[in-house]
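What follows is a single structure, written as structure tokens, with notes after it.
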Amino acid sequence: MALSEFLQHLVNMLVLGGTYALLGIGLTLIFGIMNVVNFTHGVLYTFGAYIMFIVVQQLGLNFFLALPVAVLAGWLLGAAIELTLLRPLRGSDIDTTMLVMIGAWIAMQSGTLWIWGGVAKSVTTPFPEAPLVLGPVSVSWLRLFVLAAAALLIVVTYLLINKTSLGRAMRATFQDHDTASLMGVNVDMIYTSTFAIGSSLAAAAGALLGPVYVIFPQMGDLAAVKAFAIVILGGLGNITGAVIGGFILALAEELGAGYVSSGYRDAMGFLIIIAVLIFKPTGLFARAERVG
Amino acid sequence: MRIVVTILAVAALASVPLWLRDPYLLNALITTGIFVIGAMSLNLLLGFTGQLSLGHIAFFGIGAYVSALTSLGFDVGLPGGFRVVHEPWPPIIGLVFAILAAGLCGYFVGLLSFRVRGAYFVIVTISFAEVVRLVALNWVELTQGPLALTNIPSIALPLPGFGELTLRTKMQNYYLVLVVALIAYLLIARLVRSHFGRAMRGLMENETLAVSVGIDVTRTLTLAAVISAAIAGAAGSLYAHYIRIIDPEVFAFINTVTMVIMVISGGKGSLAGPVVGGLIFGLLPVALRPVMAPEAQWIAYGGVLMAILFVLPRGIVPSLAQRLTKRRSSTAALALTETGIEERA
């Protein structure tokens, strides 16, 4: 009994962890490469979920088409934010950019509320109602799809960063943007691409988790905090760290909700942030120094 | 000159309830005043030590809950079968406890979070506020959770020989908030002009240099955090006894953002900044209410925050002060060139 319960928590952790990893990778790229504390990350997550809602419910199009549309829309919105808000502020201190991002977050979240209202929306999926039962655990087909899609996106991002020339330029900018610039890297272009890629991953996470839960304008707030927790766990700009961090956070939430109290599920992310920053401020897997 | 302006401003603010009879506007002024006190306390950290705390609402909320619970009483079970029963005490003692409790939390949070700087400090402070919010939401036996603490008594001032004066009307509460705001203002003004204030600013300008001349970083920052938190706790207590109902939404991140906007727009590091910024942003929703839907108001709110950072990154008060001194010095320079003395760049 207790073992099957534990196994069920592990399965849930895998599904949740995959999307958390997507959120975390997106933010760790932006935070690591651009040194921007991106408060619009949660809004992009919400945005992805609403794109899913528009494509499937309002336009009546295919569920599987909605995911690439959400990724593309997230990419475009991210690029737009970078070009209009961040590029003019290049060189300002980190607090100023952070506050501008907070302003953008408030404005965009209120815009969502204005357009679609505060009532939670749900998305009909093409998957069968009956879950897949594997011995003591059961998992819905929708959640399996979410896990598979998240895994695919993680692998694609990993290859993009490690195997392409754009990825090489991004890594060079992360290490030292002045030197990268001297080597002929167009740093402005790298910043825009980084923000757009990070935003599209957040939108993908929202599009994947939106149908699992419900979609409402404030859904991104907690997602953003979780993304920060993952980045802090995994270390700045560390993609592998973000993936592991995503699964650790999901495990902590599942166990916290299952064995402590479901009311404190969302406190896990914050407690992890506080504990890591106090006891191991460089993150669990980071080599670079962080405190200054 | 500065003293004259301050006295005129205080006199103008004190005269408001004498000619303003509209209860809605007076209410808006009282809540704005409470948030201005919070913004002033935030400015002590943000403007004078350079640390951006985005969890400041936690101290405000802790003050509100401590004050409300002190004056309402509670009966809570603790792990191990213990029970803590507390009989209601006068609200004025709640105010004192709110200041002490918030200051104590400021001490511990400061001690832990000042180990990191910059973005990480910001994220730790946000996390702290959210954990406190979740505790307020889930510890139903103590806080009533989402059902809220209701019927919080108004503050009663003991008048020796005359019994008590319970502050029930808006006018009485207005003057209470004004007096507390004035005390907070004078305290902060005294503080930043002291040796301690110079140590804080030294840290903000160049931490390494400040350390090398013997400034104790942790002690200075923690002390600033304690005072800042204690003032925020006092504001929270005023809020609880004025609104008379408190729920976990008091810890909402947007309330911290409101205080940050007040400080940044008015001018961080300027004593009058949070007051000017606070009055503008506290009353902006009142001005926008007849012309805009609530959602559109928030869009405007976010838009105005971005616009201020782009156009007036240093804030209203410092920008105006700079313009005034520039005009004065340019007329002086003109006088010098007219008398034939070489102008120095």
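Residue numbers start at 1 in each chain; chains themselves are named A, B, ... in the order of the structure tokens; ligands are numbered from 1 in the order shown.
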
> chain B residues within 7 Å of chain A, counting only C-alpha atoms: which ones, as an MDAnalysis selection string?
Replying inline: chainID B and resid 112 115:117 119 124 127 131 134 138 295 298:300 302:303 305:306 309

Output of the above residues as a compact mmCIF listing (two decimals), in the first residue's frame, restricted to N, CA and C atoms:
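selection-v8.txt, written as the output of this step:
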# COMPACT_ATOMS: atom_id res chain seq x y z
N LEU B 112 20.21 35.91 7.48
CA LEU B 112 20.33 34.82 6.51
C LEU B 112 20.49 35.34 5.09
N ARG B 115 23.69 37.02 3.15
CA ARG B 115 24.83 36.21 2.69
C ARG B 115 24.95 36.29 1.19
N VAL B 116 23.86 36.62 0.51
CA VAL B 116 23.93 36.73 -0.95
C VAL B 116 23.54 38.15 -1.34
N ARG B 117 23.91 38.52 -2.58
CA ARG B 117 23.67 39.89 -3.04
C ARG B 117 22.93 39.87 -4.35
N ALA B 119 20.67 39.76 -7.47
CA ALA B 119 19.47 39.02 -7.86
C ALA B 119 19.11 37.96 -6.84
N VAL B 124 15.63 35.52 -2.58
CA VAL B 124 15.44 35.02 -1.20
C VAL B 124 14.34 35.80 -0.50
N SER B 127 10.96 34.75 -1.71
CA SER B 127 10.62 33.42 -1.20
C SER B 127 10.16 33.49 0.24
N VAL B 131 6.58 32.15 1.62
CA VAL B 131 6.45 31.12 2.65
C VAL B 131 5.55 31.63 3.78
N LEU B 134 2.00 31.46 2.69
CA LEU B 134 1.44 30.10 2.70
C LEU B 134 1.16 29.63 4.13
N ASN B 138 -2.42 28.45 5.52
CA ASN B 138 -2.64 27.05 5.92
C ASN B 138 -2.76 26.84 7.43
N GLU B 295 -8.99 46.13 -14.93
CA GLU B 295 -7.87 45.45 -15.60
C GLU B 295 -7.03 46.46 -16.37
N TRP B 298 -4.66 48.28 -14.19
CA TRP B 298 -3.42 47.58 -13.88
C TRP B 298 -2.46 47.60 -15.04
N ILE B 299 -3.01 47.54 -16.28
CA ILE B 299 -2.14 47.64 -17.44
C ILE B 299 -1.44 48.99 -17.40
N ALA B 300 -2.21 50.04 -17.11
CA ALA B 300 -1.63 51.37 -17.02
C ALA B 300 -0.57 51.43 -15.92
N GLY B 302 1.37 49.01 -14.77
CA GLY B 302 2.61 48.41 -15.28
C GLY B 302 3.28 49.31 -16.29
N GLY B 303 2.47 49.92 -17.15
CA GLY B 303 3.02 50.81 -18.17
C GLY B 303 3.70 52.02 -17.56
N LEU B 305 5.01 52.22 -14.57
CA LEU B 305 6.26 51.78 -13.92
C LEU B 305 7.39 51.72 -14.95
N MET B 306 7.10 51.11 -16.11
CA MET B 306 8.13 51.01 -17.15
C MET B 306 8.52 52.40 -17.64
N LEU B 309 10.87 54.25 -15.33
CA LEU B 309 12.24 53.74 -15.35
C LEU B 309 12.97 54.18 -16.61

>> Need to verify the contact set: Leu22 of chain A, 7 Å, only C-alpha atoms, exclusion of same-chain residues closer than 3 positions in sequence. Can you return it as an NGL selection string?
In response: :A and (18-19 or 25-26 or 150 or 154 or 201-202 or 205)

> In terms of the shortest atom-to-atom distance over only C-alpha atoms, which of A:Ala224, A:Ala149, A:Ile215, A:Leu72 is closest to Phe53 of chain A?
Replying inline: A:Ile215

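When the distance limit is 12 Å and only C-alpha atoms are what count, the residues near Leu100 of chain B, minus those fewer than 2 positions from it on the same chain, are Phe59, Ile62, Gly63, Val66, Ser67, Ile93, Gly94, Leu95, Val96, Phe97, Ala98, Ala102, Gly103, Leu104, Cys105, Gly106, Tyr107, Val226, Ile227, Ser228, Ala229, Ala230, Ile231, Ala232, Gly233, Ala234 and Ser237 of chain B.
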
Could the residues in this selection be written to a file with C-alpha atoms, as an mmCIF file, in the first residue's frame?
data_model
loop_
_atom_site.group_PDB
_atom_site.id
_atom_site.type_symbol
_atom_site.label_atom_id
_atom_site.label_comp_id
_atom_site.auth_asym_id
_atom_site.auth_seq_id
_atom_site.Cartn_x
_atom_site.Cartn_y
_atom_site.Cartn_z
ATOM 1 C CA PHE B 59 7.032 42.474 7.548
ATOM 2 C CA ILE B 62 3.465 40.018 10.026
ATOM 3 C CA GLY B 63 2.824 43.331 11.789
ATOM 4 C CA VAL B 66 0.557 40.025 15.181
ATOM 5 C CA SER B 67 -1.365 43.176 16.024
ATOM 6 C CA ILE B 93 -0.170 46.818 22.784
ATOM 7 C CA GLY B 94 -0.758 44.994 19.502
ATOM 8 C CA LEU B 95 0.965 47.886 17.733
ATOM 9 C CA VAL B 96 3.993 47.560 20.035
ATOM 10 C CA PHE B 97 4.117 43.787 19.532
ATOM 11 C CA ALA B 98 3.786 44.271 15.761
ATOM 12 C CA ALA B 102 8.467 42.496 12.574
ATOM 13 C CA GLY B 103 11.822 43.831 13.765
ATOM 14 C CA LEU B 104 12.781 40.399 15.082
ATOM 15 C CA CYS B 105 11.831 38.784 11.757
ATOM 16 C CA GLY B 106 13.856 41.485 10.012
ATOM 17 C CA TYR B 107 16.845 40.469 12.132
ATOM 18 C CA VAL B 226 15.633 45.461 11.585
ATOM 19 C CA ILE B 227 14.636 49.137 11.622
ATOM 20 C CA SER B 228 13.098 48.905 8.176
ATOM 21 C CA ALA B 229 11.099 45.800 9.114
ATOM 22 C CA ALA B 230 9.956 47.335 12.405
ATOM 23 C CA ILE B 231 8.569 50.421 10.635
ATOM 24 C CA ALA B 232 6.853 48.202 8.058
ATOM 25 C CA GLY B 233 5.370 46.213 10.956
ATOM 26 C CA ALA B 234 3.972 49.406 12.471
ATOM 27 C CA SER B 237 -0.584 47.172 12.441
#

>> List the spatial neighbours of segment 72-89 of chain B as a PyMOL selection string - criterion: any atom at most 7 Å away, only C-alpha atoms, same-chain residues fewer than 6 positions off excluded.
In response: chain B and resi 141-142+152

> B:Phe35, B:Glu207, B:Leu191, B:Gly267: which is nearest Gln322 of chain B, counting only C-alpha atoms?
Replying inline: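 Using only C-alpha atoms, Gln322 of chain B sits closest to B:Gly267.
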
>> For Ala189 of chain B, find every residue with an atom within 10 Å (counting only C-alpha atoms), except residues of its own chain fewer than 5 positions away, and show them as a list in words.
In response: Leu44, Ile183, Ala184, Ser194, Gly197, Ser270, Leu271 and Ala272 of chain B

> Where in segment 32-278 of chain A does DSSP assign helix (DSSP H, G or I), given as number ranges by chain?
Replying inline: A: 32-34, 41-58, 63-89, 94-116, 141-163, 165-175, 177-182, 187-212, 219-234, 239-260, 262-264, 267-278

> Can you tell me, as a ChimeraX atom specification, what residues are no more than 9 Å from Leu111 of chain B when counting only C-alpha atoms, ignoring any on the same chain fewer than 5 positions away?
Replying inline: /B:106,218-219,221-222

>> Residues of segment 28-219 of chain B classed as strand (DSSP E or B) by DSSP on the backbone are to be reported as a PyMOL selection string.
In response: chain B and resi 74-78+82-86+149+156-159+163-166

> Which value, in Å to one decimal, gives the distance between atom CA of Gly214 of chain B and atom CA of Thr282 of chain A?
Replying inline: 27.4 Å

> Given the choices B:Leu187, B:Ile243, B:Val180, B:Ile37, which gets closest to Met262 of chain B if the distance is worked out from only C-alpha atoms?
Replying inline: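 Residue with the minimum atom-to-atom distance to Met262 of chain B: B:Ile37.
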
> atom CA of Phe310 of chain B and atom CA of Arg323 of chain B, how far apart in Å?
Replying inline: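 Atom CA of Phe310 of chain B lies 17.8 Å from atom CA of Arg323 of chain B.
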
Return as a Markdown table the residues of segment 196-291 of chain B lying at most 12 Å from segment 156-162 of chain B, together with the closest atom-to-atom pair for each and the distance in Å to one decimal, counting only C-alpha atoms, with rows in chain order and ascending residue number.
| residue | atom | partner | partner_atom | distance |
| --- | --- | --- | --- | --- |
| B:Leu238 | CA | B:Ala156 | CA | 11.7 |
| B:His241 | CA | B:Ala156 | CA | 9.9 |
| B:Tyr242 | CA | B:Ala156 | CA | 11.4 |

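Our summary of the geometry notes that atom CA of Gly167 of chain A is positioned 17.7 Å from atom CA of Gly78 of chain A.
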
> Quick one: residues within 9 Å of Gly245 of chain A, only C-alpha atoms counted, chain neighbours fewer than 6 positions away excluded, as a PyMOL selection string?
Replying inline: chain A and resi 17+20-21+24+229-235+284

Suppose we keep N, CA and C atoms; can you now write the selection as an mmCIF file, in the first residue's frame?
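The result, written out as selection-v8.cif:
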data_model
loop_
_atom_site.group_PDB
_atom_site.id
_atom_site.type_symbol
_atom_site.label_atom_id
_atom_site.label_comp_id
_atom_site.auth_asym_id
_atom_site.auth_seq_id
_atom_site.Cartn_x
_atom_site.Cartn_y
_atom_site.Cartn_z
ATOM 1 N N GLY A 17 8.188 16.925 -13.473
ATOM 2 C CA GLY A 17 9.591 17.300 -13.602
ATOM 3 C C GLY A 17 9.965 17.671 -15.025
ATOM 4 N N TYR A 20 8.780 21.179 -15.601
ATOM 5 C CA TYR A 20 9.575 22.077 -14.761
ATOM 6 C C TYR A 20 10.963 22.281 -15.371
ATOM 7 N N ALA A 21 11.526 21.181 -15.923
ATOM 8 C CA ALA A 21 12.851 21.283 -16.535
ATOM 9 C C ALA A 21 12.803 22.268 -17.704
ATOM 10 N N GLY A 24 12.755 25.702 -16.336
ATOM 11 C CA GLY A 24 14.055 26.019 -15.748
ATOM 12 C C GLY A 24 15.109 26.296 -16.805
ATOM 13 N N ALA A 229 13.487 28.730 -8.579
ATOM 14 C CA ALA A 229 13.990 27.703 -7.665
ATOM 15 C C ALA A 229 14.863 26.710 -8.420
ATOM 16 N N ILE A 230 14.399 26.325 -9.619
ATOM 17 C CA ILE A 230 15.144 25.340 -10.406
ATOM 18 C C ILE A 230 16.499 25.906 -10.825
ATOM 19 N N VAL A 231 16.489 27.163 -11.262
ATOM 20 C CA VAL A 231 17.746 27.783 -11.698
ATOM 21 C C VAL A 231 18.733 27.860 -10.534
ATOM 22 N N ILE A 232 18.217 28.212 -9.362
ATOM 23 C CA ILE A 232 19.094 28.338 -8.202
ATOM 24 C C ILE A 232 19.631 26.972 -7.787
ATOM 25 N N LEU A 233 18.766 25.955 -7.868
ATOM 26 C CA LEU A 233 19.215 24.590 -7.575
ATOM 27 C C LEU A 233 20.305 24.154 -8.543
ATOM 28 N N GLY A 234 20.069 24.388 -9.833
ATOM 29 C CA GLY A 234 20.939 23.826 -10.842
ATOM 30 C C GLY A 234 22.165 24.656 -11.132
ATOM 31 N N GLY A 235 22.172 25.896 -10.707
ATOM 32 C CA GLY A 235 23.301 26.770 -11.022
ATOM 33 C C GLY A 235 23.018 27.554 -12.288
ATOM 34 N N LEU A 284 23.706 23.371 -6.758
ATOM 35 C CA LEU A 284 24.206 22.035 -6.452
ATOM 36 C C LEU A 284 25.260 21.569 -7.451
#

>> From the options B:Leu279, B:Phe114, B:Ala39, B:Arg198, which residue's atoms come nearest to Ile264 of chain B, counting only C-alpha atoms?
In response: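 Ranked by minimum distance to Ile264 of chain B, first place goes to B:Ala39.
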
>> Ranking A:Gly256, A:Gly283, A:Pro68, A:Gly206 by minimum distance to Ala242 of chain A and counting only C-alpha atoms, which one comes first?
In response: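 For Ala242 of chain A, the nearest of the given residues is A:Gly283.
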
> Restricting the calculation to only C-alpha atoms, which member of B:Ala240, B:Met40, B:Leu46, B:Ile34 is positioned closest to Arg201 of chain B?
Replying inline: B:Leu46
